[in-house]
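This report concerns only the one structure given below.
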Amino acid sequence: MMRSVGTLTRADLAETINRKMGFSRAESLDLVEVILDKMTKALEDGENVKISGFGSFVLRDKNERIGRNPKTGVEVPITPRRVLTFRASQLLKERIAKG
């Protein structure tokens with residue numbers, strides 16, 4: 001049975017840093033922002049982001065291709081684009097499977 005759970009937010013991450021590391025709330029939130037900014041900048045620069053034991057954010061360039069409008073059946077070109085995927089590490093997959 002799938003269960004519905006909440007969403008982990010930046011504030012939640014900062015709160016955990018505050019409790020576990022003893023940083024102030026402001027310092028904790030700054031730390032979360034710095035990490036997310038670093039990850040975002042790396043992805044903008046075309047780098048993949050790997051977090052050991054968690055997973056990898058992987059960029060992939062897709063070529064132009066022909067698609068089809070499912071309602072009308074009309075073929076339309078799909079422009080080239082870069083997509084971002086997340087690949088969970090084996091450790092994360094194992095932990096989730098135990099869920």
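We name chains A, B, ... following the order of the structure tokens; residues begin at 1 in each chain, and ligands are numbered from 1 as shown.
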
Which residues, written as an mmCIF file with N, CA and C atoms, in the first residue's frame, have at least one atom at most 10 Å from stretch 57-67 of chain A, with only C-alpha atoms counted and residues fewer than 6 positions away on the same chain left out?
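Resulting contents of out-v1.cif:
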data_model
loop_
_atom_site.group_PDB
_atom_site.id
_atom_site.type_symbol
_atom_site.label_atom_id
_atom_site.label_comp_id
_atom_site.auth_asym_id
_atom_site.auth_seq_id
_atom_site.Cartn_x
_atom_site.Cartn_y
_atom_site.Cartn_z
ATOM 1 N N MET A 39 25.046 23.246 -6.215
ATOM 2 C CA MET A 39 24.526 22.184 -7.078
ATOM 3 C C MET A 39 23.904 22.771 -8.342
ATOM 4 N N LEU A 43 25.092 22.262 -12.348
ATOM 5 C CA LEU A 43 24.184 21.785 -13.392
ATOM 6 C C LEU A 43 24.071 22.790 -14.529
ATOM 7 N N GLU A 44 24.017 24.085 -14.191
ATOM 8 C CA GLU A 44 23.981 25.134 -15.225
ATOM 9 C C GLU A 44 25.230 25.074 -16.096
ATOM 10 N N GLY A 46 26.757 22.466 -16.934
ATOM 11 C CA GLY A 46 26.811 21.214 -17.681
ATOM 12 C C GLY A 46 27.429 20.054 -16.921
ATOM 13 N N GLU A 47 27.654 20.215 -15.623
ATOM 14 C CA GLU A 47 28.238 19.147 -14.813
ATOM 15 C C GLU A 47 27.124 18.316 -14.183
ATOM 16 N N ASN A 48 27.371 17.011 -14.036
ATOM 17 C CA ASN A 48 26.468 16.170 -13.271
ATOM 18 C C ASN A 48 26.793 16.367 -11.793
ATOM 19 N N VAL A 49 25.850 16.073 -10.924
ATOM 20 C CA VAL A 49 26.057 16.214 -9.483
ATOM 21 C C VAL A 49 25.856 14.851 -8.848
ATOM 22 N N LYS A 50 26.903 14.346 -8.180
ATOM 23 C CA LYS A 50 26.833 13.031 -7.540
ATOM 24 C C LYS A 50 26.987 13.205 -6.039
ATOM 25 N N ILE A 51 26.035 12.658 -5.290
ATOM 26 C CA ILE A 51 26.095 12.672 -3.841
ATOM 27 C C ILE A 51 26.182 11.213 -3.405
ATOM 28 N N GLY A 73 -2.962 13.303 -33.746
ATOM 29 C CA GLY A 73 -2.127 12.435 -34.567
ATOM 30 C C GLY A 73 -1.176 13.194 -35.475
ATOM 31 N N VAL A 74 -1.189 14.530 -35.411
ATOM 32 C CA VAL A 74 -0.338 15.355 -36.265
ATOM 33 C C VAL A 74 1.109 15.275 -35.776
ATOM 34 N N GLU A 75 2.020 15.055 -36.720
ATOM 35 C CA GLU A 75 3.440 15.016 -36.377
ATOM 36 C C GLU A 75 3.961 16.426 -36.178
ATOM 37 N N VAL A 76 4.771 16.599 -35.131
ATOM 38 C CA VAL A 76 5.373 17.903 -34.839
ATOM 39 C C VAL A 76 6.826 17.692 -34.435
ATOM 40 N N PRO A 77 7.701 18.633 -34.818
ATOM 41 C CA PRO A 77 9.093 18.494 -34.397
ATOM 42 C C PRO A 77 9.238 18.860 -32.916
ATOM 43 N N ILE A 78 10.016 18.069 -32.201
ATOM 44 C CA ILE A 78 10.348 18.366 -30.811
ATOM 45 C C ILE A 78 11.774 18.892 -30.819
ATOM 46 N N THR A 79 11.952 20.114 -30.344
ATOM 47 C CA THR A 79 13.250 20.784 -30.433
ATOM 48 C C THR A 79 14.279 20.118 -29.520
ATOM 49 N N PRO A 80 15.561 20.263 -29.876
ATOM 50 C CA PRO A 80 16.608 19.709 -29.007
ATOM 51 C C PRO A 80 16.553 20.379 -27.641
ATOM 52 N N ARG A 81 16.876 19.629 -26.625
ATOM 53 C CA ARG A 81 16.837 20.200 -25.280
ATOM 54 C C ARG A 81 17.703 19.389 -24.340
ATOM 55 N N ARG A 82 17.968 19.982 -23.208
ATOM 56 C CA ARG A 82 18.728 19.312 -22.152
ATOM 57 C C ARG A 82 17.741 18.934 -21.060
ATOM 58 N N VAL A 83 17.815 17.687 -20.618
ATOM 59 C CA VAL A 83 16.925 17.225 -19.561
ATOM 60 C C VAL A 83 17.754 16.809 -18.352
ATOM 61 N N LEU A 84 17.134 16.893 -17.194
ATOM 62 C CA LEU A 84 17.776 16.532 -15.934
ATOM 63 C C LEU A 84 17.059 15.319 -15.363
ATOM 64 N N THR A 85 17.823 14.290 -15.034
ATOM 65 C CA THR A 85 17.250 13.113 -14.408
ATOM 66 C C THR A 85 17.954 12.858 -13.085
ATOM 67 N N PHE A 86 17.301 12.111 -12.218
ATOM 68 C CA PHE A 86 17.905 11.710 -10.956
ATOM 69 C C PHE A 86 18.024 10.205 -10.949
ATOM 70 N N ARG A 87 19.220 9.717 -10.627
ATOM 71 C CA ARG A 87 19.436 8.281 -10.506
ATOM 72 C C ARG A 87 19.797 7.991 -9.064
ATOM 73 N N ALA A 88 18.942 7.279 -8.379
ATOM 74 C CA ALA A 88 19.187 6.939 -6.981
ATOM 75 C C ALA A 88 20.359 5.970 -6.872
#

Can you measure atom CA of A:Ala97 to atom CA of A:Thr16 for me? One decimal in Å is fine.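 Pair atom CA of A:Ala97 / atom CA of A:Thr16 returns 23.9 Å.
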
Please identify all polymer residues within 8 Å of A:Arg25, counting only C-alpha atoms, omitting same-chain residues fewer than 3 positions from it, and present them as number ranges by chain. A: 14-15, 18, 28-29

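Atom CA of A:Gly53 is positioned 5.7 Å from atom CA of A:Leu91.
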
Give the helix (DSSP H, G or I) residues of chain A, as assigned by DSSP on the backbone, as a VMD selection string. chain A and resid 10 to 21 25 to 44 90 to 98

Take the selection from the previous step and output its residues with C-alpha atoms, as a CSV table (one decimal), in the first residue's frame.
chain,number,residue,atom,x,y,z
A,10,ARG,CA,14.5,23.8,2.7
A,11,ALA,CA,13.2,24.9,6.1
A,12,ASP,CA,13.1,21.2,7.2
A,13,LEU,CA,16.7,20.7,6.1
A,14,ALA,CA,17.8,23.9,8.0
A,15,GLU,CA,15.9,22.8,11.1
A,16,THR,CA,17.8,19.5,11.1
A,17,ILE,CA,21.1,21.2,10.7
A,18,ASN,CA,20.1,23.6,13.5
A,19,ARG,CA,19.3,20.7,15.9
A,20,LYS,CA,22.1,18.3,14.9
A,21,MET,CA,25.0,20.7,14.4
A,25,ARG,CA,18.6,29.0,12.3
A,26,ALA,CA,19.9,31.7,10.0
A,27,GLU,CA,23.3,29.9,9.6
A,28,SER,CA,21.5,26.6,9.0
A,29,LEU,CA,19.3,28.1,6.3
A,30,ASP,CA,22.4,29.8,4.7
A,31,LEU,CA,24.2,26.5,4.6
A,32,VAL,CA,21.2,24.9,2.8
A,33,GLU,CA,21.1,27.7,0.3
A,34,VAL,CA,24.9,27.6,-0.3
A,35,ILE,CA,24.7,23.8,-1.0
A,36,LEU,CA,21.7,24.2,-3.3
A,37,ASP,CA,23.3,27.1,-5.1
A,38,LYS,CA,26.5,25.1,-5.7
A,39,MET,CA,24.5,22.2,-7.1
A,40,THR,CA,22.5,24.5,-9.3
A,41,LYS,CA,25.6,26.3,-10.7
A,42,ALA,CA,27.3,22.9,-11.5
A,43,LEU,CA,24.2,21.8,-13.4
A,44,GLU,CA,24.0,25.1,-15.2
A,90,GLN,CA,22.0,1.5,-4.8
A,91,LEU,CA,22.1,2.3,-1.1
A,92,LEU,CA,19.1,4.7,-1.4
A,93,LYS,CA,17.2,2.2,-3.5
A,94,GLU,CA,17.8,-0.5,-0.8
A,95,ARG,CA,16.7,1.8,2.0
A,96,ILE,CA,13.5,2.9,0.1
A,97,ALA,CA,12.6,-0.7,-0.7
A,98,LYS,CA,12.6,-1.5,3.1

Taking the DSSP secondary structure from the backbone, can you list the residues of chain A that are strand (DSSP E), as a ChimeraX atom specification? /A:49-51,55-62,65-68,75-78,81-88

Dump of N, CA and C atoms for the selected residues, as a PDB file, in the first residue's frame:
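Saved file result_33.pdb follows:
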ATOM      1  N   VAL A  49      25.850  16.073 -10.924  1.00  0.00           N
ATOM      2  CA  VAL A  49      26.057  16.214  -9.483  1.00  0.00           C
ATOM      3  C   VAL A  49      25.856  14.851  -8.848  1.00  0.00           C
ATOM      4  N   LYS A  50      26.903  14.346  -8.180  1.00  0.00           N
ATOM      5  CA  LYS A  50      26.833  13.031  -7.540  1.00  0.00           C
ATOM      6  C   LYS A  50      26.987  13.205  -6.039  1.00  0.00           C
ATOM      7  N   ILE A  51      26.035  12.658  -5.290  1.00  0.00           N
ATOM      8  CA  ILE A  51      26.095  12.672  -3.841  1.00  0.00           C
ATOM      9  C   ILE A  51      26.182  11.213  -3.405  1.00  0.00           C
ATOM     10  N   GLY A  55      22.592   9.652  -4.581  1.00  0.00           N
ATOM     11  CA  GLY A  55      22.282   9.511  -5.996  1.00  0.00           C
ATOM     12  C   GLY A  55      22.952  10.576  -6.827  1.00  0.00           C
ATOM     13  N   SER A  56      22.637  10.578  -8.109  1.00  0.00           N
ATOM     14  CA  SER A  56      23.240  11.510  -9.055  1.00  0.00           C
ATOM     15  C   SER A  56      22.180  12.249  -9.852  1.00  0.00           C
ATOM     16  N   PHE A  57      22.405  13.539 -10.027  1.00  0.00           N
ATOM     17  CA  PHE A  57      21.603  14.358 -10.925  1.00  0.00           C
ATOM     18  C   PHE A  57      22.372  14.374 -12.241  1.00  0.00           C
ATOM     19  N   VAL A  58      21.766  13.827 -13.288  1.00  0.00           N
ATOM     20  CA  VAL A  58      22.462  13.611 -14.554  1.00  0.00           C
ATOM     21  C   VAL A  58      21.800  14.419 -15.664  1.00  0.00           C
ATOM     22  N   LEU A  59      22.623  15.184 -16.380  1.00  0.00           N
ATOM     23  CA  LEU A  59      22.147  15.956 -17.525  1.00  0.00           C
ATOM     24  C   LEU A  59      22.261  15.108 -18.783  1.00  0.00           C
ATOM     25  N   ARG A  60      21.272  15.241 -19.656  1.00  0.00           N
ATOM     26  CA  ARG A  60      21.318  14.547 -20.933  1.00  0.00           C
ATOM     27  C   ARG A  60      20.814  15.478 -22.017  1.00  0.00           C
ATOM     28  N   ASP A  61      21.558  15.562 -23.106  1.00  0.00           N
ATOM     29  CA  ASP A  61      21.130  16.362 -24.253  1.00  0.00           C
ATOM     30  C   ASP A  61      20.324  15.479 -25.187  1.00  0.00           C
ATOM     31  N   LYS A  62      19.111  15.915 -25.503  1.00  0.00           N
ATOM     32  CA  LYS A  62      18.253  15.157 -26.414  1.00  0.00           C
ATOM     33  C   LYS A  62      18.245  15.850 -27.766  1.00  0.00           C
ATOM     34  N   ARG A  65      13.649  15.581 -32.601  1.00  0.00           N
ATOM     35  CA  ARG A  65      12.982  14.381 -33.112  1.00  0.00           C
ATOM     36  C   ARG A  65      11.546  14.733 -33.478  1.00  0.00           C
ATOM     37  N   ILE A  66      10.921  13.817 -34.154  1.00  0.00           N
ATOM     38  CA  ILE A  66       9.526  14.022 -34.536  1.00  0.00           C
ATOM     39  C   ILE A  66       8.638  13.355 -33.489  1.00  0.00           C
ATOM     40  N   GLY A  67       7.686  14.128 -32.993  1.00  0.00           N
ATOM     41  CA  GLY A  67       6.703  13.604 -32.051  1.00  0.00           C
ATOM     42  C   GLY A  67       5.338  13.633 -32.682  1.00  0.00           C
ATOM     43  N   ARG A  68       4.356  13.158 -31.963  1.00  0.00           N
ATOM     44  CA  ARG A  68       2.998  13.127 -32.493  1.00  0.00           C
ATOM     45  C   ARG A  68       2.049  13.653 -31.427  1.00  0.00           C
ATOM     46  N   GLU A  75       2.020  15.055 -36.720  1.00  0.00           N
ATOM     47  CA  GLU A  75       3.440  15.016 -36.377  1.00  0.00           C
ATOM     48  C   GLU A  75       3.961  16.426 -36.178  1.00  0.00           C
ATOM     49  N   VAL A  76       4.771  16.599 -35.131  1.00  0.00           N
ATOM     50  CA  VAL A  76       5.373  17.903 -34.839  1.00  0.00           C
ATOM     51  C   VAL A  76       6.826  17.692 -34.435  1.00  0.00           C
ATOM     52  N   PRO A  77       7.701  18.633 -34.818  1.00  0.00           N
ATOM     53  CA  PRO A  77       9.093  18.494 -34.397  1.00  0.00           C
ATOM     54  C   PRO A  77       9.238  18.860 -32.916  1.00  0.00           C
ATOM     55  N   ILE A  78      10.016  18.069 -32.201  1.00  0.00           N
ATOM     56  CA  ILE A  78      10.348  18.366 -30.811  1.00  0.00           C
ATOM     57  C   ILE A  78      11.774  18.892 -30.819  1.00  0.00           C
ATOM     58  N   ARG A  81      16.876  19.629 -26.625  1.00  0.00           N
ATOM     59  CA  ARG A  81      16.837  20.200 -25.280  1.00  0.00           C
ATOM     60  C   ARG A  81      17.703  19.389 -24.340  1.00  0.00           C
ATOM     61  N   ARG A  82      17.968  19.982 -23.208  1.00  0.00           N
ATOM     62  CA  ARG A  82      18.728  19.312 -22.152  1.00  0.00           C
ATOM     63  C   ARG A  82      17.741  18.934 -21.060  1.00  0.00           C
ATOM     64  N   VAL A  83      17.815  17.687 -20.618  1.00  0.00           N
ATOM     65  CA  VAL A  83      16.925  17.225 -19.561  1.00  0.00           C
ATOM     66  C   VAL A  83      17.754  16.809 -18.352  1.00  0.00           C
ATOM     67  N   LEU A  84      17.134  16.893 -17.194  1.00  0.00           N
ATOM     68  CA  LEU A  84      17.776  16.532 -15.934  1.00  0.00           C
ATOM     69  C   LEU A  84      17.059  15.319 -15.363  1.00  0.00           C
ATOM     70  N   THR A  85      17.823  14.290 -15.034  1.00  0.00           N
ATOM     71  CA  THR A  85      17.250  13.113 -14.408  1.00  0.00           C
ATOM     72  C   THR A  85      17.954  12.858 -13.085  1.00  0.00           C
ATOM     73  N   PHE A  86      17.301  12.111 -12.218  1.00  0.00           N
ATOM     74  CA  PHE A  86      17.905  11.710 -10.956  1.00  0.00           C
ATOM     75  C   PHE A  86      18.024  10.205 -10.949  1.00  0.00           C
ATOM     76  N   ARG A  87      19.220   9.717 -10.627  1.00  0.00           N
ATOM     77  CA  ARG A  87      19.436   8.281 -10.506  1.00  0.00           C
ATOM     78  C   ARG A  87      19.797   7.991  -9.064  1.00  0.00           C
ATOM     79  N   ALA A  88      18.942   7.279  -8.379  1.00  0.00           N
ATOM     80  CA  ALA A  88      19.187   6.939  -6.981  1.00  0.00           C
ATOM     81  C   ALA A  88      20.359   5.970  -6.872  1.00  0.00           C
TER      82      ALA A  88
END
